[in-house]
file run00.cif (mmCIF, C-alpha atoms)
data_my_file
#
loop_
_atom_site.label_atom_id
_atom_site.label_comp_id
_atom_site.auth_asym_id
_atom_site.auth_seq_id
_atom_site.Cartn_x
_atom_site.Cartn_y
_atom_site.Cartn_z
CA MET D 1 -5.69 -9.04 -6.39
CA ARG D 2 -7.97 -10.00 -3.57
CA ALA D 3 -10.84 -7.88 -2.34
CA VAL D 4 -12.25 -9.38 0.84
CA ARG D 5 -15.09 -7.96 2.86
CA LYS D 6 -15.11 -9.01 6.49
CA ILE D 7 -18.54 -9.68 7.98
CA THR D 8 -19.17 -9.72 11.71
CA ALA D 9 -22.35 -10.12 13.69
CA ALA D 10 -21.22 -7.70 16.37
CA ALA D 11 -18.18 -5.60 17.24
CA VAL D 12 -17.86 -5.14 20.99
CA LEU D 13 -15.30 -2.65 22.22
CA ALA D 14 -14.58 -2.79 25.96
CA LEU D 15 -13.12 0.55 27.00
CA LEU D 16 -12.20 -0.46 30.54
CA ALA D 17 -10.83 -3.84 31.54
CA THR D 18 -13.43 -4.14 34.31
CA ALA D 19 -16.40 -3.07 32.18
CA CYS D 20 -19.07 -5.69 31.71
CA SER D 21 -20.64 -6.41 28.33
CA GLY D 22 -23.39 -3.96 27.44
CA GLY D 23 -26.62 -4.72 25.64
CA GLY D 24 -27.59 -3.65 22.16
CA HIS D 25 -30.12 -4.15 19.39
CA ASP D 26 -29.53 -6.83 16.77
CA ALA D 27 -27.91 -5.47 13.61
CA GLY D 28 -30.43 -4.13 11.14
CA GLN D 29 -33.17 -3.28 13.66
CA VAL D 30 -34.19 0.35 13.98
CA SER D 31 -35.68 1.57 17.25
CA PRO D 32 -38.40 4.23 17.30
CA ALA D 33 -37.46 7.48 18.93
CA GLY D 34 -37.50 7.24 22.71
CA HIS D 35 -37.57 3.43 22.75
CA GLY D 36 -35.95 2.00 25.87
CA GLY D 37 -35.50 5.46 27.36
CA THR D 38 -33.18 6.60 24.54
CA ALA D 39 -33.81 10.11 23.32
CA ALA D 40 -34.21 10.76 19.60
CA SER D 41 -31.00 12.75 19.61
CA GLY D 42 -29.03 9.71 20.71
CA SER D 43 -28.43 11.05 24.20
CA ALA D 44 -29.57 10.11 27.69
CA THR D 45 -29.33 11.55 31.20
CA GLY D 46 -29.85 10.11 34.67
CA ALA D 47 -29.84 11.15 38.33
CA ARG D 48 -29.64 9.69 41.83
CA SER D 49 -30.69 11.02 45.22
CA THR D 50 -28.16 12.50 47.64
CA SER D 51 -28.27 12.10 51.44
CA GLY D 52 -29.83 15.56 51.67
CA GLY D 53 -32.74 14.49 49.55
CA ARG D 54 -31.66 16.54 46.57
CA ALA D 55 -31.12 14.90 43.18
CA ALA D 56 -27.57 14.97 41.79
CA ALA D 57 -27.43 15.42 38.01
CA GLY D 58 -26.31 12.26 36.25
CA PRO D 59 -23.98 12.02 33.25
CA ARG D 60 -25.24 12.97 29.81
CA VAL D 61 -24.29 10.68 26.92
CA THR D 62 -24.51 11.88 23.32
CA ILE D 63 -24.09 9.57 20.33
CA THR D 64 -23.51 10.85 16.81
CA PRO D 65 -25.07 9.88 14.39
CA ALA D 66 -28.32 10.41 16.22
CA ASN D 67 -30.89 7.73 16.83
CA GLY D 68 -33.17 7.29 13.82
CA ALA D 69 -30.84 8.88 11.28
CA LYS D 70 -31.36 7.34 7.84
CA ASP D 71 -28.59 8.88 5.68
CA ALA D 72 -25.66 9.39 8.04
CA ASP D 73 -22.36 10.27 6.37
CA PRO D 74 -20.19 7.16 6.77
CA SER D 75 -16.97 9.13 6.39
CA ALA D 76 -17.74 10.97 9.66
CA GLY D 77 -17.73 7.75 11.68
CA ILE D 78 -19.20 7.48 15.19
CA THR D 79 -18.57 9.83 18.12
CA VAL D 80 -19.75 9.19 21.68
CA THR D 81 -19.34 11.86 24.35
CA ALA D 82 -20.06 11.92 28.08
CA ALA D 83 -20.72 15.12 30.05
CA GLY D 84 -20.64 14.96 33.84
CA GLY D 85 -19.01 11.54 33.83
CA THR D 86 -16.76 9.15 31.95
CA LEU D 87 -17.51 6.45 29.41
CA THR D 88 -17.18 2.91 30.74
CA HIS D 89 -18.41 0.87 27.80
CA VAL D 90 -19.24 1.27 24.10
CA THR D 91 -20.76 -1.46 21.94
CA VAL D 92 -21.29 -1.20 18.16
CA ARG D 93 -23.47 -3.83 16.50
CA THR D 94 -23.61 -4.23 12.73
CA SER D 95 -23.59 -6.91 10.06
CA GLY D 96 -20.87 -4.97 8.23
CA ASP D 97 -17.18 -4.44 8.91
CA PRO D 98 -16.00 -4.37 12.55
CA VAL D 99 -15.92 -0.93 14.15
CA PRO D 100 -12.82 -0.45 16.33
CA GLY D 101 -12.39 2.83 18.13
CA GLY D 102 -10.48 4.68 20.80
CA LEU D 103 -11.20 6.57 24.00
CA SER D 104 -9.82 10.02 24.78
CA GLN D 105 -7.33 10.39 27.59
CA GLY D 106 -9.97 11.87 29.87
CA GLY D 107 -12.41 9.08 29.14
CA THR D 108 -15.12 11.43 27.91
CA VAL D 109 -14.99 10.91 24.13
CA TRP D 110 -14.94 7.71 22.04
CA ARG D 111 -14.42 7.83 18.26
CA SER D 112 -14.47 5.08 15.68
CA GLN D 113 -11.12 4.54 14.01
CA TRP D 114 -12.27 4.09 10.40
CA ALA D 115 -15.15 5.23 8.23
CA LEU D 116 -18.42 3.31 8.47
CA ASP D 117 -19.75 1.12 5.68
CA VAL D 118 -22.13 2.67 3.17
CA SER D 119 -25.77 1.46 3.12
CA GLN D 120 -25.39 -0.17 6.52
CA ALA D 121 -27.36 -0.27 9.79
CA TYR D 122 -25.65 0.32 13.16
CA THR D 123 -26.69 0.21 16.80
CA VAL D 124 -24.42 1.97 19.30
CA THR D 125 -24.89 1.45 23.03
CA ALA D 126 -22.81 3.53 25.43
CA THR D 127 -22.59 3.61 29.22
CA ALA D 128 -21.18 6.43 31.34
CA SER D 129 -20.71 6.74 35.08
CA GLY D 130 -20.44 9.83 37.26
CA HIS D 131 -21.34 11.25 40.65
CA GLY D 132 -24.97 11.32 39.59
CA GLY D 133 -25.11 7.61 38.71
CA THR D 134 -24.75 5.43 35.66
CA VAL D 135 -26.52 6.11 32.35
CA THR D 136 -26.84 4.05 29.16
CA ALA D 137 -27.76 5.56 25.79
CA THR D 138 -28.51 3.85 22.48
CA SER D 139 -28.57 5.11 18.91
CA THR D 140 -29.70 3.04 15.95
CA PHE D 141 -29.11 4.60 12.53
CA GLY D 142 -28.31 3.88 8.90
CA THR D 143 -25.63 5.26 6.60
CA LEU D 144 -26.32 6.76 3.21
CA THR D 145 -26.32 4.97 -0.12
CA PRO D 146 -23.97 7.02 -2.33
CA GLY D 147 -24.83 8.03 -5.86
CA GLN D 148 -21.27 7.20 -6.97
CA THR D 149 -18.67 4.80 -5.64
CA PHE D 150 -15.03 4.05 -6.35
CA THR D 151 -13.37 0.65 -6.31
CA THR D 152 -9.75 -0.14 -5.53
CA GLU D 153 -7.54 -2.95 -6.76
CA ILE D 154 -4.18 -4.06 -5.41
CA LEU D 155 -1.55 -5.42 -7.77
CA GLU D 156 -0.06 -7.94 -5.35
CA GLY D 157 -1.37 -11.52 -5.35
CA TYR D 158 -2.35 -13.54 -2.29
CA HIS D 159 0.75 -15.03 -0.62
CA GLN D 160 2.80 -14.40 -3.75
CA SER D 161 6.52 -13.70 -3.36
CA TYR D 162 8.05 -10.40 -4.50
CA GLY D 163 11.46 -8.75 -4.63
CA VAL D 164 12.89 -6.41 -2.00
CA GLY D 165 12.04 -3.32 -4.07
CA MET D 166 8.35 -4.13 -4.61
CA PRO D 167 5.92 -1.28 -3.85
CA ILE D 168 2.33 -1.83 -2.77
CA ILE D 169 0.42 -0.63 -5.84
CA LEU D 170 -3.23 0.45 -5.63
CA TYR D 171 -5.42 1.36 -8.63
CA PHE D 172 -8.55 3.51 -8.19
CA SER D 173 -11.50 3.36 -10.58
CA GLN D 174 -12.28 7.08 -10.06
CA ARG D 175 -10.07 10.12 -9.68
CA ILE D 176 -9.31 10.66 -5.99
CA THR D 177 -9.33 14.31 -4.97
CA ASP D 178 -9.36 13.87 -1.17
CA GLN D 179 -6.16 11.88 -1.16
CA ALA D 180 -5.47 12.62 2.50
CA ALA D 181 -8.75 10.95 3.57
CA VAL D 182 -7.94 7.86 1.53
CA GLU D 183 -4.34 7.72 2.74
CA ARG D 184 -5.49 7.76 6.39
CA ALA D 185 -7.57 4.66 5.65
CA LEU D 186 -4.59 2.57 4.48
CA GLN D 187 -3.06 0.23 7.03
CA ILE D 188 0.03 -1.99 6.75
CA THR D 189 1.19 -4.79 9.04
CA THR D 190 4.70 -6.23 8.58
CA SER D 191 6.48 -9.11 10.29
CA ASN D 192 9.64 -6.95 10.41
CA PRO D 193 9.70 -3.24 11.33
CA VAL D 194 9.57 -1.06 8.21
CA VAL D 195 9.59 2.70 7.57
CA GLY D 196 8.03 3.92 4.33
CA SER D 197 5.65 6.36 2.70
CA TRP D 198 2.72 6.56 0.29
CA TYR D 199 3.14 8.38 -3.03
CA TRP D 200 0.23 9.56 -5.21
CA ASP D 201 0.40 9.27 -9.00
CA ASP D 202 -2.45 11.13 -10.71
CA PRO D 203 -3.03 10.16 -13.44
CA CYS D 204 -1.03 6.96 -13.74
CA ASN D 205 -0.59 4.47 -16.54
CA MET D 206 -3.20 1.97 -15.40
CA ALA D 207 -5.98 3.99 -13.74
CA PRO D 208 -7.33 7.51 -13.11
CA THR D 209 -5.35 7.61 -9.84
CA CYS D 210 -2.72 5.32 -8.31
CA VAL D 211 -0.98 5.33 -4.94
CA TYR D 212 2.18 3.41 -4.09
CA PHE D 213 3.72 2.45 -0.76
CA ARG D 214 7.49 2.15 -0.83
CA PRO D 215 9.78 1.47 2.11
CA ARG D 216 12.50 4.06 2.70
CA ASP D 217 15.07 1.34 2.00
CA TYR D 218 14.58 -2.07 0.45
CA TRP D 219 12.28 -4.47 2.31
CA PRO D 220 14.01 -6.92 4.66
CA SER D 221 14.08 -10.35 3.02
CA GLY D 222 11.54 -12.74 4.49
CA THR D 223 9.05 -10.04 5.48
CA THR D 224 5.35 -10.88 5.38
CA VAL D 225 3.23 -7.85 4.45
CA SER D 226 -0.49 -7.55 5.17
CA PHE D 227 -2.45 -4.63 3.75
CA THR D 228 -5.93 -3.42 4.69
CA GLY D 229 -7.66 -0.56 2.90
CA HIS D 230 -10.47 0.59 5.19
CA LEU D 231 -12.07 2.30 2.21
CA ASN D 232 -15.73 1.45 2.70
CA GLY D 233 -17.39 4.77 3.52
CA VAL D 234 -14.37 6.97 2.74
CA GLN D 235 -15.27 9.96 0.56
CA GLY D 236 -12.52 10.00 -2.06
CA ALA D 237 -14.05 12.87 -4.06
CA PRO D 238 -17.20 14.99 -3.56
CA GLY D 239 -20.11 12.53 -3.45
CA VAL D 240 -17.90 9.56 -4.39
CA TYR D 241 -17.43 6.93 -1.67
CA GLY D 242 -15.54 3.71 -1.32
CA ALA D 243 -17.85 0.72 -1.08
CA HIS D 244 -15.58 -2.14 -0.01
CA THR D 245 -12.74 -3.09 2.32
CA LEU D 246 -9.63 -4.34 0.55
CA THR D 247 -7.20 -6.81 2.11
CA GLN D 248 -4.13 -8.65 0.88
CA THR D 249 -1.13 -10.55 2.25
CA PHE D 250 2.10 -11.21 0.36
CA ASP D 251 5.72 -12.07 1.06
CA ILE D 252 9.13 -10.57 0.32
CA GLY D 253 11.57 -13.19 -0.95
CA PRO D 254 15.36 -13.31 -1.08
CA SER D 255 17.24 -10.22 -2.20
CA LEU D 256 18.15 -10.31 -5.91
CA ILE D 257 19.74 -7.11 -7.22
CA ALA D 258 21.15 -6.47 -10.70
CA ILE D 259 23.47 -3.58 -11.59
CA GLY D 260 24.03 -3.14 -15.32
CA ASN D 261 26.66 -0.71 -16.59
CA THR D 262 26.33 0.32 -20.22
CA ARG D 263 29.91 1.65 -20.31
CA THR D 264 31.73 -1.33 -18.84
CA HIS D 265 29.37 -3.75 -20.64
CA ARG D 266 28.94 -5.87 -17.50
CA THR D 267 26.23 -6.66 -14.97
CA GLN D 268 26.69 -7.70 -11.38
CA ILE D 269 24.07 -9.96 -9.78
CA TYR D 270 23.84 -9.88 -5.99
CA TYR D 271 21.90 -12.61 -4.22
CA ASP D 272 21.16 -12.57 -0.46
CA GLY D 273 23.56 -9.66 -0.02
CA LYS D 274 26.54 -11.20 -1.79
CA LEU D 275 27.97 -10.83 -5.28
CA ARG D 276 27.11 -14.10 -6.99
CA TYR D 277 27.71 -13.33 -10.69
CA ASP D 278 29.60 -10.82 -12.84
CA TRP D 279 28.50 -11.28 -16.44
CA PRO D 280 29.32 -9.61 -19.77
CA ILE D 281 26.40 -7.81 -21.41
CA SER D 282 25.52 -5.79 -24.47
CA SER D 283 23.02 -2.96 -23.91
CA GLY D 284 21.30 -0.52 -26.25
CA ARG D 285 23.27 0.70 -29.23
CA PRO D 286 23.65 4.48 -29.85
CA GLY D 287 20.21 5.87 -30.57
CA ASP D 288 18.55 2.92 -28.82
CA ASP D 289 20.34 3.43 -25.51
CA THR D 290 19.06 1.52 -22.48
CA PRO D 291 17.86 4.30 -20.12
CA ASP D 292 19.44 4.87 -16.73
CA GLY D 293 17.37 4.27 -13.60
CA SER D 294 16.61 1.93 -10.73
CA TYR D 295 13.80 -0.22 -12.10
CA LEU D 296 12.05 -3.32 -10.83
CA THR D 297 11.39 -6.57 -12.62
CA ILE D 298 7.76 -6.59 -13.81
CA GLU D 299 7.22 -10.01 -15.37
CA LYS D 300 9.05 -12.82 -17.11
CA ALA D 301 8.32 -15.32 -19.89
CA ASN D 302 10.14 -17.98 -21.83
CA PRO D 303 10.01 -17.08 -24.65
CA VAL D 304 8.79 -13.56 -25.50
CA GLN D 305 8.03 -12.60 -29.10
CA MET D 306 9.93 -9.37 -29.69
CA THR D 307 9.32 -7.28 -32.77
CA GLY D 308 10.73 -4.04 -34.07
CA PRO D 309 12.20 -2.41 -37.18
CA GLY D 310 13.60 -5.24 -39.24
CA TYR D 311 13.24 -8.05 -36.69
CA SER D 312 10.74 -10.45 -35.13
CA LEU D 313 12.30 -12.96 -32.76
CA SER D 314 11.17 -15.52 -30.20
CA VAL D 315 13.49 -14.64 -27.33
CA PRO D 316 14.13 -17.13 -24.50
CA TRP D 317 14.63 -16.36 -20.80
CA SER D 318 13.22 -12.81 -20.85
CA VAL D 319 12.73 -10.68 -17.69
CA ARG D 320 10.98 -7.34 -18.29
CA PHE D 321 11.80 -4.12 -16.42
CA THR D 322 10.13 -1.30 -18.45
CA PHE D 323 6.65 -1.01 -19.89
CA SER D 324 8.16 0.10 -23.21
CA GLY D 325 9.81 -3.30 -23.60
CA ASP D 326 13.28 -3.41 -22.05
CA TYR D 327 14.37 -6.82 -20.77
CA TYR D 328 17.27 -8.78 -19.40
CA HIS D 329 17.21 -11.68 -21.88
CA ASP D 330 19.02 -14.40 -23.76
CA ALA D 331 20.70 -12.98 -26.86
CA TYR D 332 22.50 -15.93 -28.39
CA TRP D 333 23.09 -13.87 -31.54
CA SER D 334 25.22 -11.20 -29.75
CA VAL D 335 27.44 -13.34 -27.52
CA GLY D 336 30.50 -12.16 -29.44
CA GLU D 337 29.74 -8.50 -28.65
CA GLN D 338 28.76 -9.02 -25.01
CA GLY D 339 31.36 -7.46 -22.75
CA PHE D 340 32.72 -5.24 -25.55
CA GLU D 341 30.06 -3.35 -27.49
CA ASN D 342 26.44 -2.14 -27.20
CA VAL D 343 24.45 -3.57 -30.11
CA SER D 344 20.92 -4.21 -28.80
CA HIS D 345 17.68 -2.33 -29.53
CA GLY D 346 17.53 -1.25 -25.86
CA CYS D 347 17.47 -4.51 -23.94
CA VAL D 348 20.28 -5.99 -21.86
CA ASN D 349 21.70 -8.95 -23.79
CA LEU D 350 23.01 -11.96 -21.89
CA SER D 351 24.45 -15.30 -22.92
CA PRO D 352 21.95 -18.19 -22.95
CA ALA D 353 23.34 -19.74 -19.76
CA ASP D 354 23.46 -16.42 -17.87
CA ALA D 355 19.97 -15.42 -18.99
CA GLU D 356 18.53 -18.75 -17.86
CA THR D 357 20.21 -18.44 -14.46
CA TYR D 358 18.83 -14.92 -13.89
CA TYR D 359 15.39 -15.89 -15.17
CA ASN D 360 15.11 -18.75 -12.71
CA LEU D 361 15.93 -16.47 -9.76
CA ALA D 362 13.80 -13.44 -10.72
CA VAL D 363 10.40 -12.52 -9.28
CA PRO D 364 8.46 -9.25 -9.72
CA GLY D 365 9.97 -6.43 -7.68
CA ASP D 366 13.66 -7.36 -7.94
CA PRO D 367 15.73 -4.17 -8.37
CA ILE D 368 17.57 -3.58 -11.65
CA THR D 369 19.73 -0.45 -11.84
CA ILE D 370 21.06 0.68 -15.23
CA MET D 371 24.10 2.98 -15.03
CA GLY D 372 26.37 4.85 -17.40
CA SER D 373 23.84 5.54 -20.14
CA PRO D 374 23.58 8.81 -22.09
CA LYS D 375 19.78 8.42 -21.87
CA ALA D 376 17.80 9.34 -18.75
CA GLY D 377 15.04 7.15 -17.39
CA THR D 378 11.37 8.12 -17.72
CA TRP D 379 9.01 8.22 -14.74
CA ASP D 380 6.20 5.62 -14.95
CA ASN D 381 8.01 3.64 -17.68
CA GLY D 382 7.89 0.61 -15.40
CA TRP D 383 7.75 0.60 -11.62
CA THR D 384 9.94 3.63 -11.14
CA GLU D 385 9.32 4.38 -7.45
CA TRP D 386 13.05 3.97 -6.74
CA PHE D 387 13.92 6.80 -9.12
CA LEU D 388 13.01 9.09 -6.22
CA SER D 389 15.03 9.95 -3.14
CA TRP D 390 13.38 9.49 0.26
CA SER D 391 12.65 13.23 0.57
CA GLN D 392 11.15 13.31 -2.93
CA TYR D 393 9.02 10.29 -2.12
CA LEU D 394 7.72 11.86 1.10
CA ALA D 395 6.69 14.92 -0.90
CA GLY D 396 4.28 12.70 -2.84
CA SER D 397 2.32 11.78 0.28
CA ALA D 398 -0.93 13.69 0.75
CA LEU D 399 -0.23 13.78 4.50
CA HIS D 400 3.53 14.44 4.07
CA GLU D 401 4.09 11.89 6.81
CA ALA D 402 6.08 8.68 7.02
CA VAL D 403 4.58 5.32 7.87
CA GLN D 404 6.00 3.13 10.63
CA ALA D 405 4.80 -0.44 10.18
CA GLY D 406 5.36 -3.56 12.23
CA PRO D 407 3.61 -6.62 13.65
CA ASN D 408 0.99 -4.44 15.38
CA GLY D 409 0.04 -2.40 12.32
CA SER D 410 1.09 1.03 11.09
CA THR D 411 1.03 4.63 12.26
CA PHE D 412 1.75 7.94 10.56
CA VAL D 413 4.71 9.83 12.02
CA ASN D 414 6.55 13.08 11.45
CA PRO D 415 9.54 12.18 9.23
CA ALA D 416 11.76 14.55 11.20
CA THR D 417 11.37 12.32 14.28
CA LEU D 418 12.80 9.26 12.53
CA PRO D 419 16.42 8.22 12.99
CA PRO D 420 18.46 8.56 9.79
CA SER D 421 18.76 5.60 7.49
CA THR D 422 21.94 3.55 7.70
CA ALA D 423 21.24 1.63 4.49
CA THR D 424 23.87 1.62 1.76
CA ALA D 425 23.48 1.28 -2.01
CA PRO D 426 23.14 -0.90 -3.96
CA LEU D 427 22.35 -3.81 -1.63
CA GLU D 428 20.05 -2.06 0.86
CA ALA D 429 18.81 0.95 -1.13
CA ALA D 430 18.81 2.33 -4.65
CA PRO D 431 21.76 4.52 -5.74
CA ALA D 432 21.04 8.25 -5.48
CA GLY D 433 20.18 10.13 -8.68
CA ASN D 434 19.96 6.86 -10.54
CA ASP D 435 17.63 7.99 -13.36
CA ALA D 436 19.87 10.82 -14.62
CA ALA D 437 21.77 10.44 -17.89
CA ARG D 438 25.56 10.16 -17.58
#
call {"tool": "encode", "arguments": {"input": "run00.cif", "output": "structure tokens"}}
result
Amino acid sequence: MRAVRKITAAAVLALLATACSGGGHDAGQVSPAGHGGTAASGSATGARSTSGGRAAAGPRVTITPANGAKDADPSAGITVTAAGGTLTHVTVRTSGDPVPGGLSQGGTVWRSQWALDVSQAYTVTATASGHGGTVTATSTFGTLTPGQTFTTEILEGYHQSYGVGMPIILYFSQRITDQAAVERALQITTSNPVVGSWYWDDPCNMAPTCVYFRPRDYWPSGTTVSFTGHLNGVQGAPGVYGAHTLTQTFDIGPSLIAIGNTRTHRTQIYYDGKLRYDWPISSGRPGDDTPDGSYLTIEKANPVQMTGPGYSLSVPWSVRFTFSGDYYHDAYWSVGEQGFENVSHGCVNLSPADAETYYNLAVPGDPITIMGSPKAGTWDNGWTEWFLSWSQYLAGSALHEAVQAGPNGSTFVNPATLPPSTATAPLEAAPAGNDAAR
């Protein structure tokens, strides 16, 4: 997990290509009301003379938060409006996170894209032009210091490699009740185009609230994923604000997919889209059945000390796929039953050579689908995001919208506008209804 806060001396946003750079106060300075011709409300007006000697009213610029505000709500962001003219330039100066924004189609309203940082000083300078002339307004203000904050951690490691099923997993230190506000602050950039969705899990195993991003179908191999949580200043619950910006970049490695069938006592291993191995296995014996479901590899170790009723063994070449302790692993003691009979305590038994081969290929996030079991899978017993169909996953989004991500970032879109998926199971997507007992 990496939490990185970007610091910038100034964020200058040119709204028109021909606009020149506007002035502004240094970050942290607070102007008295009326200083430099700026009204205390954060607005300014101007006028010019007409040929008839009458004054034409100039544009009026209003900046919110107002000049001199001490406890502005960071979640409300910045709004600049022009009446009687159009905005030609907006500059935001701060020592905190950059403040990108966008201009309305008519050129009369500018809004910041993300929440502002908590406990931070800002100076906004805006220029508008109209028939009455050109006017510049400035507002210097500070955002509130919240009584409570939440922190967010991301499971992925910096430039680590993950399997094609890996979700982005975020843990929140406080319960998030305004999940829509938080979801809007989450941005994904991918080297290959990806469609996906966020899914809220409240509570989850590891934190008061979790949220997971999963692509509609498995990630394309070789994709680089960059995540930014613009959470500083977002109000996640009444009076509880984010206080940091979270960033991370990781990679999606080659496709490695395992399909284990408890009835046929075999597992197929697909690598880079092709069947590479077809191995005999022994899965959970009656009463200790390995549960159905499309899981993901969580971790691996060589060996793992496994204990249970009547046994304590140091088990080589072990790859975990449930939190309760199910693994693909070396079971040298059951080689004679592998391919014929289920004799394990719930794990998938492999021969020593096969287990070592799989172990050396596996990274976290590789899909493992168990089929044919009389026991159904359990949600949250592992990374179970692929238990859900695409429509079920969308229902877990607070916005009920899909995410389209690519090299230029991500946007929320109406799922009904997306073309249908052409992915096929098991190589490009998880089998439907995979967690149900057979």
call {"tool": "residues_around", "arguments": {"input": "run00.cif", "residues": "stretch 307-324 of chain D", "least_positions_apart": "4", "cutoff": "8 Å", "atoms": "all atoms listed in the file", "output": "JSON, numbers by chain"}}
result
{"D": [295, 296, 297, 298, 299, 300, 301, 302, 303, 328, 329, 330, 331, 352, 355, 356, 359, 362, 368, 381, 382, 383]}
call {"tool": "atom_distance", "arguments": {"input": "run00.cif", "atom1": "atom CA of D:Ile257", "atom2": "atom CA of D:Leu427"}}
result
7.0 Å
call {"tool": "resolve_selection", "arguments": {"input": "run00.cif", "expression": "the PyMOL selection byres ((chain D and resi 165) around 7)", "output": "list in words"}}
result
Gly163, Val164, Met166, Pro167, Tyr218, Trp219, Leu296, Gly365, Asp366 and Pro367 of chain D
call {"tool": "write_last_selection", "arguments": {"input": "run00.cif", "atoms": "C-alpha atoms", "output": "PDB file, keeping the file's coordinate frame"}}
result
ATOM      1  CA  GLY D 163      11.460  -8.750  -4.630  1.00  0.00           C
ATOM      2  CA  VAL D 164      12.890  -6.410  -2.000  1.00  0.00           C
ATOM      3  CA  MET D 166       8.350  -4.130  -4.610  1.00  0.00           C
ATOM      4  CA  PRO D 167       5.920  -1.280  -3.850  1.00  0.00           C
ATOM      5  CA  TYR D 218      14.580  -2.070   0.450  1.00  0.00           C
ATOM      6  CA  TRP D 219      12.280  -4.470   2.310  1.00  0.00           C
ATOM      7  CA  LEU D 296      12.050  -3.320 -10.830  1.00  0.00           C
ATOM      8  CA  GLY D 365       9.970  -6.430  -7.680  1.00  0.00           C
ATOM      9  CA  ASP D 366      13.660  -7.360  -7.940  1.00  0.00           C
ATOM     10  CA  PRO D 367      15.730  -4.170  -8.370  1.00  0.00           C
TER      11      PRO D 367
END
call {"tool": "resolve_selection", "arguments": {"input": "run00.cif", "expression": "the PyMOL selection byres ((chain D and resi 280-294) around 8)", "output": "CSV table (one decimal) with C-alpha atoms, keeping the file's coordinate frame"}}
result
chain,number,residue,atom,x,y,z
D,262,THR,CA,26.3,0.3,-20.2
D,265,HIS,CA,29.4,-3.8,-20.6
D,266,ARG,CA,28.9,-5.9,-17.5
D,267,THR,CA,26.2,-6.7,-15.0
D,278,ASP,CA,29.6,-10.8,-12.8
D,279,TRP,CA,28.5,-11.3,-16.4
D,295,TYR,CA,13.8,-0.2,-12.1
D,296,LEU,CA,12.0,-3.3,-10.8
D,326,ASP,CA,13.3,-3.4,-22.0
D,334,SER,CA,25.2,-11.2,-29.8
D,337,GLU,CA,29.7,-8.5,-28.6
D,338,GLN,CA,28.8,-9.0,-25.0
D,339,GLY,CA,31.4,-7.5,-22.8
D,340,PHE,CA,32.7,-5.2,-25.6
D,341,GLU,CA,30.1,-3.4,-27.5
D,342,ASN,CA,26.4,-2.1,-27.2
D,343,VAL,CA,24.4,-3.6,-30.1
D,344,SER,CA,20.9,-4.2,-28.8
D,345,HIS,CA,17.7,-2.3,-29.5
D,346,GLY,CA,17.5,-1.2,-25.9
D,347,CYS,CA,17.5,-4.5,-23.9
D,348,VAL,CA,20.3,-6.0,-21.9
D,349,ASN,CA,21.7,-9.0,-23.8
D,350,LEU,CA,23.0,-12.0,-21.9
D,351,SER,CA,24.4,-15.3,-22.9
D,367,PRO,CA,15.7,-4.2,-8.4
D,368,ILE,CA,17.6,-3.6,-11.6
D,369,THR,CA,19.7,-0.4,-11.8
D,370,ILE,CA,21.1,0.7,-15.2
D,371,MET,CA,24.1,3.0,-15.0
D,372,GLY,CA,26.4,4.8,-17.4
D,373,SER,CA,23.8,5.5,-20.1
D,374,PRO,CA,23.6,8.8,-22.1
D,375,LYS,CA,19.8,8.4,-21.9
D,376,ALA,CA,17.8,9.3,-18.8
D,377,GLY,CA,15.0,7.2,-17.4
D,378,THR,CA,11.4,8.1,-17.7
D,384,THR,CA,9.9,3.6,-11.1
D,386,TRP,CA,13.0,4.0,-6.7
D,387,PHE,CA,13.9,6.8,-9.1
D,430,ALA,CA,18.8,2.3,-4.6
D,431,PRO,CA,21.8,4.5,-5.7
D,434,ASN,CA,20.0,6.9,-10.5
D,435,ASP,CA,17.6,8.0,-13.4
D,436,ALA,CA,19.9,10.8,-14.6
D,437,ALA,CA,21.8,10.4,-17.9
call {"tool": "atom_distance", "arguments": {"input": "run00.cif", "atom1": "atom CA of D:Met206", "atom2": "atom CA of D:Glu385"}}
result
15.0 Å
